[in-house]
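Peer 1: One structure, as structure tokens, below. Some questions next.
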Amino acid sequence: GNGSNFTVVIRVRPPLARELQSDRPYKNVVQIDKSERILTISEGPQPLDPGMEDDDGGAYGTHAFTFDRVYGERSTQSEVYESNARDIVDSSLQGYNATIFAYGQTGAGKTYTMEGAGGQWDGRGIIPRAIEQVFSHIQANASPYLHFMVRGSYLQIYNDVITDLLKQDRGSLAIRENSKRGVYVQGLSEWVVRSPREIYGLMERGGQLRATAATRLNEISSRSHAVFIIIVEQTAVYFTDQRGREFGGARGEGDEEDPLGGEPDRSLLQVGKLNLVDLAGSERVRVSGATGQRLEESKKINQSLSALGNVIAALTDPRGRQHIPYRDSKLTRILEDSLGGNCKTTMMAMISPALESAVETLSTLKFANRAKNIKNQAHVNEDIDQ
Ligand code: ADP
């Protein structure tokens with residue numbers, strides 16, 4: 001982090017078999033310097049796809065970018081979690097809003113990073129590790145004076161329609177806003193969970209319902225944005241002993257009194273919210289490859305990701321803009337707090353190292369690079385109940 005509460009990191013995945021075995025010889029186009037902060041992409045002298053112009057008007061050369069951290073091909077799930085996610089999850093346990101979102105082209109490693117490598121324990125991703133961290137924090141800190149409640153929600157945005165991934169009734173949900181709750185999804189179910197296992201159950205249930213379709217990359221890929229939400233509520237209760245001294249709360253042991261006997265004199269409620277966002281693939285639609293419903297889907301996906309890009313552009317405009325177009329898509333609306341608001345946020349952009357993905361990789365890097373200038377104002381969400 002750089003003190004702005006908005007961190008941008010890149011993760012490069014290893015080359016896949018299909019990249020190593022394609023018609024053209026495999027070529028790596030990504031270099032990371034020793035500081036693990038500067039990433040260079042060299043596309044070679046020729047545009048890879050003459051139809052796809054670079055935003056700079058076709059300057060196909062070498063581009064260098066600086067980020068908060070760049071993870072190379074050999075980075076492990078545990079390293080990514082410890083150096084990048086642990087602090088974010090910790091701040092949700094201290095009563096902050098915290099968000100981690102995964103951006104990148106389909107096949108670049110978003111699901112691998114967020115969820116994990118199917119079935120392997122060492123390969124588990126950010127979401128399961130976050131859940132373990134939340135519950136081990138609770139185990140270590142819960143006491144008669146400090147109570148925790150964890151709730152989980154899981155939603156999907158597909159074709160700009162929000163649905164609850166944890167309910168049978170899959171009707172479309174509306175976004176609302178009020179001063180107490182901020183921006184929220186009306187009617188989204190929240191499930192109280194008491195163990196990691198219960199929350200994995202929710203994840204699995206929701207994952208099965210996510211809309212998927214085959215893409216030209218010849219893999220099953222997700223065309224929807226998925227947001228997994230973990231809400232951690234902690235209530236600290238305080239009592240007064242016979243000598244008039246207050247005891248209880250987070251630091252636990254009070255005096256001889258049995259707190260369970262009487263009513264607390266004071267309680268303090270803190271609510272932390274952790275959003276784990278797996279965005280749909282950022283690749284641009286090649287119109288020739290998509291028709292009908294697929295084309296409509298792709299347009300909507302590109303629209304909401306460009307709305308995300310526009311919000312980032314407005315937030316980072318050096319002239320300072322009054323109007324931030326959060327309302328242009330459901331995605332930006334529900335991420336409003338995470339973007340320039342009351343939140344600690346990490347954006348992880350995933351990329352492939354292969355020449356064949358260089359055009360998309362460059363556009364991902366430019367997107368991530370713009371996001372670097374976002375500054376969030378984070379404060380603890382608490383309610384004092386006298
Ligand atoms: P996305 O969710 O962005 O479409 P995936 O997470 O499904 O991409 O990744 C595509 C493929 O690459 C999968 O086979 C996945 O196992 C593999 N992969 C992605 N990232 C890594 C990584 N860091 N290390 C090893 N394999 C990876």
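Just so we're on the same page: first chain in the structure tokens is A, next is B, and so on; residues restart at 1 for each chain, and ligands are numbered from 1 in the order they show up.
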Mind the document's chain letters and residue numbers, and return as a ChimeraX atom specification the residues of region 27-204 of chain A that DSSP labels strand (DSSP E).

Peer 2: /A:30-32,38-42,62-66,69-71,97-104,146-158,161-164,175-178,182-185,191-193

Peer 1: Go ahead and save the picked residues with C-alpha atoms, as a short mmCIF file (atom, residue, chain, number, x, y, z; two decimals), in the first residue's frame.

Peer 2:
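Result file result_14.cif:
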data_model
loop_
_atom_site.label_atom_id
_atom_site.label_comp_id
_atom_site.auth_asym_id
_atom_site.auth_seq_id
_atom_site.Cartn_x
_atom_site.Cartn_y
_atom_site.Cartn_z
CA VAL A 30 6.61 -9.77 -19.94
CA GLN A 31 9.59 -8.85 -17.75
CA ILE A 32 9.56 -7.97 -14.06
CA ILE A 38 8.13 -2.50 -12.52
CA LEU A 39 6.69 -4.56 -15.33
CA THR A 40 7.80 -4.23 -18.93
CA ILE A 41 5.89 -5.58 -21.89
CA SER A 42 7.54 -5.73 -25.29
CA THR A 62 8.00 -1.53 -25.21
CA HIS A 63 5.89 -0.20 -22.36
CA ALA A 64 6.97 -0.02 -18.72
CA PHE A 65 4.54 0.33 -15.81
CA THR A 66 5.05 0.70 -12.06
CA ARG A 69 3.63 -5.02 -6.54
CA VAL A 70 4.05 -7.36 -9.48
CA TYR A 71 3.78 -11.12 -8.87
CA ASN A 97 -15.04 -1.88 4.41
CA ALA A 98 -12.52 -3.82 2.36
CA THR A 99 -12.58 -4.99 -1.23
CA ILE A 100 -10.39 -7.17 -3.38
CA PHE A 101 -11.20 -7.37 -7.02
CA ALA A 102 -9.82 -9.43 -9.82
CA TYR A 103 -9.59 -7.91 -13.29
CA GLY A 104 -8.26 -9.36 -16.53
CA LEU A 146 -16.71 -9.72 22.57
CA HIS A 147 -19.29 -11.38 20.33
CA PHE A 148 -18.97 -12.00 16.62
CA MET A 149 -21.48 -12.68 13.92
CA VAL A 150 -20.47 -13.57 10.36
CA ARG A 151 -22.85 -13.39 7.43
CA GLY A 152 -22.26 -14.28 3.81
CA SER A 153 -23.94 -13.15 0.58
CA TYR A 154 -23.15 -14.01 -3.01
CA LEU A 155 -24.44 -12.11 -6.00
CA GLN A 156 -23.96 -12.12 -9.70
CA ILE A 157 -24.28 -9.37 -12.27
CA TYR A 158 -25.03 -10.83 -15.66
CA VAL A 161 -29.11 -7.84 -13.96
CA ILE A 162 -28.31 -8.60 -10.32
CA THR A 163 -29.31 -12.00 -8.99
CA ASP A 164 -28.81 -13.71 -5.68
CA ILE A 175 -29.99 -1.36 -5.71
CA ARG A 176 -31.06 1.00 -2.92
CA GLU A 177 -29.33 3.57 -0.82
CA ASN A 178 -29.94 5.09 2.57
CA GLY A 182 -25.16 3.17 2.29
CA VAL A 183 -25.61 1.48 -1.09
CA TYR A 184 -27.06 -2.01 -0.83
CA VAL A 185 -28.86 -4.65 -2.85
CA TRP A 191 -26.59 -16.27 5.66
CA VAL A 192 -25.26 -16.52 9.16
CA VAL A 193 -22.25 -18.83 9.17
#

Peer 1: Taking only C-alpha atoms and all ligand atoms into account, which residues are within 8 Å of ligand 1, as a PyMOL selection string?

Peer 2: chain A and resi 11-16+73-77+103-114+116-118+221-222+278+280-281+350

Peer 1: Report the distance between CA of Ala313 (chain A) and CA of Arg370 (chain A) in Å, rounded to one decimal place.

Peer 2: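 Here the two named atoms are 6.9 Å from each other.
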
Peer 1: DSSP on the backbone: what in region 91-250 of chain A comes out helix (DSSP H, G or I), as a PDB file with C-alpha atoms, in the first residue's frame?

Peer 2:
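Final file, part.pdb:
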ATOM      1  CA  SER A  91      -9.026  -4.339   8.150  1.00  0.00           C
ATOM      2  CA  SER A  92     -12.483  -5.824   7.573  1.00  0.00           C
ATOM      3  CA  LEU A  93     -12.046  -7.431  11.014  1.00  0.00           C
ATOM      4  CA  LYS A 110      -8.867 -14.426 -11.990  1.00  0.00           C
ATOM      5  CA  THR A 111     -10.684 -17.504 -10.744  1.00  0.00           C
ATOM      6  CA  TYR A 112      -7.418 -19.262  -9.925  1.00  0.00           C
ATOM      7  CA  THR A 113      -6.367 -16.311  -7.788  1.00  0.00           C
ATOM      8  CA  MET A 114      -9.722 -15.710  -6.087  1.00  0.00           C
ATOM      9  CA  ILE A 126      -7.951 -15.704  -1.672  1.00  0.00           C
ATOM     10  CA  ILE A 127     -11.601 -16.436  -0.813  1.00  0.00           C
ATOM     11  CA  PRO A 128     -11.020 -19.647   1.180  1.00  0.00           C
ATOM     12  CA  ARG A 129      -7.937 -18.173   2.871  1.00  0.00           C
ATOM     13  CA  ALA A 130      -9.908 -15.046   3.794  1.00  0.00           C
ATOM     14  CA  ILE A 131     -12.603 -17.193   5.348  1.00  0.00           C
ATOM     15  CA  GLU A 132     -10.023 -19.088   7.403  1.00  0.00           C
ATOM     16  CA  GLN A 133      -8.490 -15.829   8.559  1.00  0.00           C
ATOM     17  CA  VAL A 134     -11.875 -14.470   9.641  1.00  0.00           C
ATOM     18  CA  PHE A 135     -12.726 -17.559  11.658  1.00  0.00           C
ATOM     19  CA  SER A 136      -9.322 -17.923  13.257  1.00  0.00           C
ATOM     20  CA  HIS A 137      -9.506 -14.285  14.313  1.00  0.00           C
ATOM     21  CA  ILE A 138     -12.866 -14.997  15.899  1.00  0.00           C
ATOM     22  CA  GLN A 139     -11.583 -18.105  17.634  1.00  0.00           C
ATOM     23  CA  ALA A 140      -8.684 -16.159  19.079  1.00  0.00           C
ATOM     24  CA  ASN A 141     -10.694 -13.113  20.152  1.00  0.00           C
ATOM     25  CA  PRO A 196     -15.421 -22.119   7.386  1.00  0.00           C
ATOM     26  CA  ARG A 197     -17.205 -25.238   6.267  1.00  0.00           C
ATOM     27  CA  GLU A 198     -20.594 -23.521   6.293  1.00  0.00           C
ATOM     28  CA  ILE A 199     -19.265 -20.684   4.217  1.00  0.00           C
ATOM     29  CA  TYR A 200     -17.607 -23.056   1.709  1.00  0.00           C
ATOM     30  CA  GLY A 201     -21.029 -24.594   1.340  1.00  0.00           C
ATOM     31  CA  LEU A 202     -22.409 -21.197   0.321  1.00  0.00           C
ATOM     32  CA  MET A 203     -19.557 -20.668  -2.126  1.00  0.00           C
ATOM     33  CA  GLU A 204     -20.097 -23.991  -3.772  1.00  0.00           C
ATOM     34  CA  ARG A 205     -23.832 -23.528  -4.005  1.00  0.00           C
ATOM     35  CA  GLY A 206     -23.397 -20.118  -5.614  1.00  0.00           C
ATOM     36  CA  GLY A 207     -20.580 -21.180  -7.897  1.00  0.00           C
ATOM     37  CA  GLN A 208     -22.770 -23.820  -9.476  1.00  0.00           C
ATOM     38  CA  LEU A 209     -25.356 -21.233 -10.387  1.00  0.00           C
TER      39      LEU A 209
END

Peer 1: Which residues come within 7 Å of Thr7 (chain A), counting only C-alpha atoms, excluding same-chain residues fewer than 6 positions away, as an NGL selection string?

Peer 2: :A and (1 or 68 or 345-347 or 372)

Peer 1: Any chance you can output those residues with C-alpha atoms as a PDB file, in the first residue's frame?

Peer 2:
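Listed below is the output, part-v6.pdb:
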ATOM      1  CA  GLY A   1       0.000   0.000   0.000  1.00  0.00           C
ATOM      2  CA  ASP A  68       2.455  -1.470  -5.861  1.00  0.00           C
ATOM      3  CA  THR A 345      -9.300  -1.752  -1.774  1.00  0.00           C
ATOM      4  CA  THR A 346      -6.890  -3.892  -3.714  1.00  0.00           C
ATOM      5  CA  MET A 347      -7.258  -4.281  -7.420  1.00  0.00           C
ATOM      6  CA  LYS A 372      -3.215   3.622  -9.343  1.00  0.00           C
TER       7      LYS A 372
END

Peer 1: Which residue is closest to Ala368 (chain A)? Choose from A:Gly248, A:Val89, A:Asp33, A:Ala349 and count only C-alpha atoms.

Peer 2: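 Looking only at the distances to Ala368 (chain A), the closest residue turns out to be A:Ala349.
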